[in-house]
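Structure file run_39.pdb with PDB, C-alpha atoms:
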```pdb
ATOM      1  CA  MET A  14      96.417  58.373-150.249
ATOM      2  CA  LEU A  15      94.782  57.491-146.962
ATOM      3  CA  ARG A  16      96.681  55.961-144.098
ATOM      4  CA  PHE A  17      95.625  54.768-140.674
ATOM      5  CA  GLU A  18      97.565  55.812-137.582
ATOM      6  CA  ARG A  19      96.907  53.786-134.450
ATOM      7  CA  GLU A  20      96.249  55.934-131.370
ATOM      8  CA  CYS A  21      95.774  53.174-128.839
ATOM      9  CA  ARG A  22      95.348  49.446-128.468
ATOM     10  CA  THR A  23      93.925  47.180-125.778
ATOM     11  CA  PRO A  24      93.463  43.397-125.893
ATOM     12  CA  TYR A  25      89.934  43.921-127.278
ATOM     13  CA  SER A  26      89.963  47.270-129.094
ATOM     14  CA  GLU A  27      91.933  49.695-131.222
ATOM     15  CA  CYS A  28      91.540  53.355-132.206
ATOM     16  CA  TYR A  29      92.863  54.860-135.438
ATOM     17  CA  THR A  30      93.037  58.334-136.923
ATOM     18  CA  ILE A  31      92.360  58.354-140.655
ATOM     19  CA  LEU A  32      94.831  60.651-142.415
ATOM     20  CA  ASP A  33      95.001  61.985-145.972
ATOM     21  CA  GLU A  34      98.341  63.691-146.651
ATOM     22  CA  ASP A  35      98.782  64.040-142.865
ATOM     23  CA  GLN A  36      95.430  65.838-142.508
ATOM     24  CA  PRO A  37      92.886  64.111-140.213
ATOM     25  CA  GLN A  38      89.849  62.898-142.143
ATOM     26  CA  GLY A  39      88.183  60.798-139.507
ATOM     27  CA  ARG A  40      88.467  58.208-136.797
ATOM     28  CA  PHE A  41      87.938  54.467-136.634
ATOM     29  CA  ASP A  42      87.288  52.695-133.319
ATOM     30  CA  VAL A  43      87.114  48.914-133.445
ATOM     31  CA  HIS A  44      86.091  46.468-130.723
ATOM     32  CA  TYR A  45      86.691  42.721-130.890
ATOM     33  CA  ALA A  46      83.866  40.809-129.222
ATOM     34  CA  GLY A  47      84.442  37.105-129.655
ATOM     35  CA  ASN A  48      83.736  36.252-133.294
ATOM     36  CA  MET A  49      82.279  39.687-134.031
ATOM     37  CA  ILE A  50      83.911  43.012-134.815
ATOM     38  CA  HIS A  51      81.963  46.139-133.863
ATOM     39  CA  ALA A  52      83.283  49.411-135.224
ATOM     40  CA  THR A  53      82.486  53.093-135.285
ATOM     41  CA  LEU A  54      83.646  55.138-138.248
ATOM     42  CA  CYS A  55      83.504  58.923-137.996
ATOM     43  CA  VAL A  56      84.326  60.837-141.187
ATOM     44  CA  SER A  57      84.346  64.442-142.301
ATOM     45  CA  GLU A  58      81.411  65.993-144.122
ATOM     46  CA  ARG A  59      83.189  65.917-147.485
ATOM     47  CA  TYR A  60      82.871  62.135-147.944
ATOM     48  CA  THR A  61      80.253  60.754-150.345
ATOM     49  CA  GLN A  62      78.357  57.516-149.700
ATOM     50  CA  GLU A  63      80.562  55.758-152.273
ATOM     51  CA  GLU A  64      83.768  57.067-150.654
ATOM     52  CA  ILE A  65      82.552  55.874-147.243
ATOM     53  CA  GLN A  66      81.903  52.397-148.654
ATOM     54  CA  ASP A  67      85.395  52.397-150.240
ATOM     55  CA  LEU A  68      86.893  53.468-146.910
ATOM     56  CA  ILE A  69      85.119  50.632-145.084
ATOM     57  CA  GLU A  70      86.525  48.180-147.629
ATOM     58  CA  ASP A  71      90.030  49.648-147.142
ATOM     59  CA  LEU A  72      89.692  49.331-143.358
ATOM     60  CA  ASP A  73      88.524  45.749-143.751
ATOM     61  CA  ASP A  74      91.428  44.905-146.094
ATOM     62  CA  GLU A  75      94.215  46.732-144.264
ATOM     63  CA  LEU A  76      93.310  46.464-140.597
ATOM     64  CA  LEU A  77      90.891  43.621-140.025
ATOM     65  CA  ASP A  78      92.136  40.841-142.298
ATOM     66  CA  ALA A  79      94.976  40.305-139.816
ATOM     67  CA  VAL A  80      92.394  39.210-137.230
ATOM     68  CA  GLY A  81      91.173  36.426-139.521
ATOM     69  CA  LEU A  82      87.445  37.176-139.406
ATOM     70  CA  THR A  83      85.187  37.323-142.447
ATOM     71  CA  ARG A  84      83.304  40.388-143.613
ATOM     72  CA  GLU A  85      80.043  38.920-142.282
ATOM     73  CA  ASP A  86      81.518  39.328-138.795
ATOM     74  CA  PHE A  87      82.149  43.077-139.276
ATOM     75  CA  ILE A  88      79.502  45.628-138.182
ATOM     76  CA  VAL A  89      80.233  49.327-138.787
ATOM     77  CA  HIS A  90      78.302  52.308-137.448
ATOM     78  CA  VAL A  91      79.079  55.399-139.548
ATOM     79  CA  HIS A  92      78.852  58.984-138.307
ATOM     80  CA  GLN A  93      79.492  61.941-140.581
ATOM     81  CA  GLY A  94      80.199  65.501-139.511
ATOM     82  CA  ARG A  95      82.953  67.761-138.329
ATOM     83  CA  GLU A  96      85.366  67.447-135.445
ATOM     84  CA  ILE A  97      84.900  70.116-132.812
ATOM     85  CA  GLY A  98      87.822  69.197-130.565
ATOM     86  CA  VAL A  99      89.434  66.743-128.204
ATOM     87  CA  PHE A 100      88.531  67.030-124.550
ATOM     88  CA  SER A 101      90.277  65.619-121.486
ATOM     89  CA  ASN A 102      90.308  66.097-117.724
ATOM     90  CA  SER A 103      94.101  66.188-117.899
ATOM     91  CA  GLU A 104      96.062  69.105-119.230
ATOM     92  CA  PHE A 105      99.319  68.229-120.957
ATOM     93  CA  SER A 106     102.117  70.468-122.060
ATOM     94  CA  GLU A 107     103.589  69.576-125.478
ATOM     95  CA  ASP A 108     106.601  67.934-123.770
ATOM     96  CA  GLU A 109     104.403  65.804-121.506
ATOM     97  CA  GLN A 110     102.220  64.742-124.418
ATOM     98  CA  SER A 111     105.266  63.739-126.503
ATOM     99  CA  GLN A 112     106.573  61.626-123.615
ATOM    100  CA  ALA A 113     103.164  59.997-123.092
ATOM    101  CA  GLU A 114     102.981  59.015-126.783
ATOM    102  CA  ASN A 115     106.399  57.314-126.708
TER     103      ASN A 115
END
```
The structure in this file should be written as structure tokens.
Amino acid sequence: MLRFERECRTPYSECYTILDEDQPQGRFDVHYAGNMIHATLCVSERYTQEEIQDLIEDLDDELLDAVGLTREDFIVHVHQGREIGVFSNSEFSEDEQSQAEN
């Protein structure tokens, strides 16, 4: 079963990792712009078109209904491929990263 783990939140955006049995399957970045919601969904290569549509519906039901906007206000850009890494100008040790997440 898929679950969505929030990575960060600002007053106008949120970022989620999409997990299936604790294995990353993709990422969902959402930006609230007035009455519109703009989102980017990045999923692994294994997803079919039907599974992507189901995932968008799940995201709409589980994450966006709380905002109170209708589906007509929800625009999703979908990218499909493989993750090649996470890059940062900062280098964190595991202890520093754990403290930063808490």
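The protein and nucleic acid residues lying at most 7 Å from range 49-58 of chain A are Gln38, Gly39, Arg40, Phe41, Asp42, Val43, His44, Tyr45, Ala46, Gly47, Tyr60, Asp86, Phe87, Ile88, Val89, His90, Val91, His92, Gln93, Gly94 and Arg95 of chain A, with only C-alpha atoms considered and sequence neighbours fewer than 2 positions away removed.
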How big is the axis-aligned box around all listed atoms of range 32-39 of chain A once 8 Å goes on each side, and where's its centre, in Å to one decimal, as lines of an AutoDock Vina configuration file?
```
center_x = 93.5
center_y = 63.2
center_z = -143.1
size_x = 26.6
size_y = 21.2
size_z = 23.1
```
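Taking CA of Ile65 in chain A and CA of Gln36 in chain A as the two end points, the separation is 17.0 Å.
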Subject >> Coordinates-based distance that separates CA of Thr30 in chain A from CA of Glu18 in chain A (Å, one decimal) >> reply: 5.2 Å
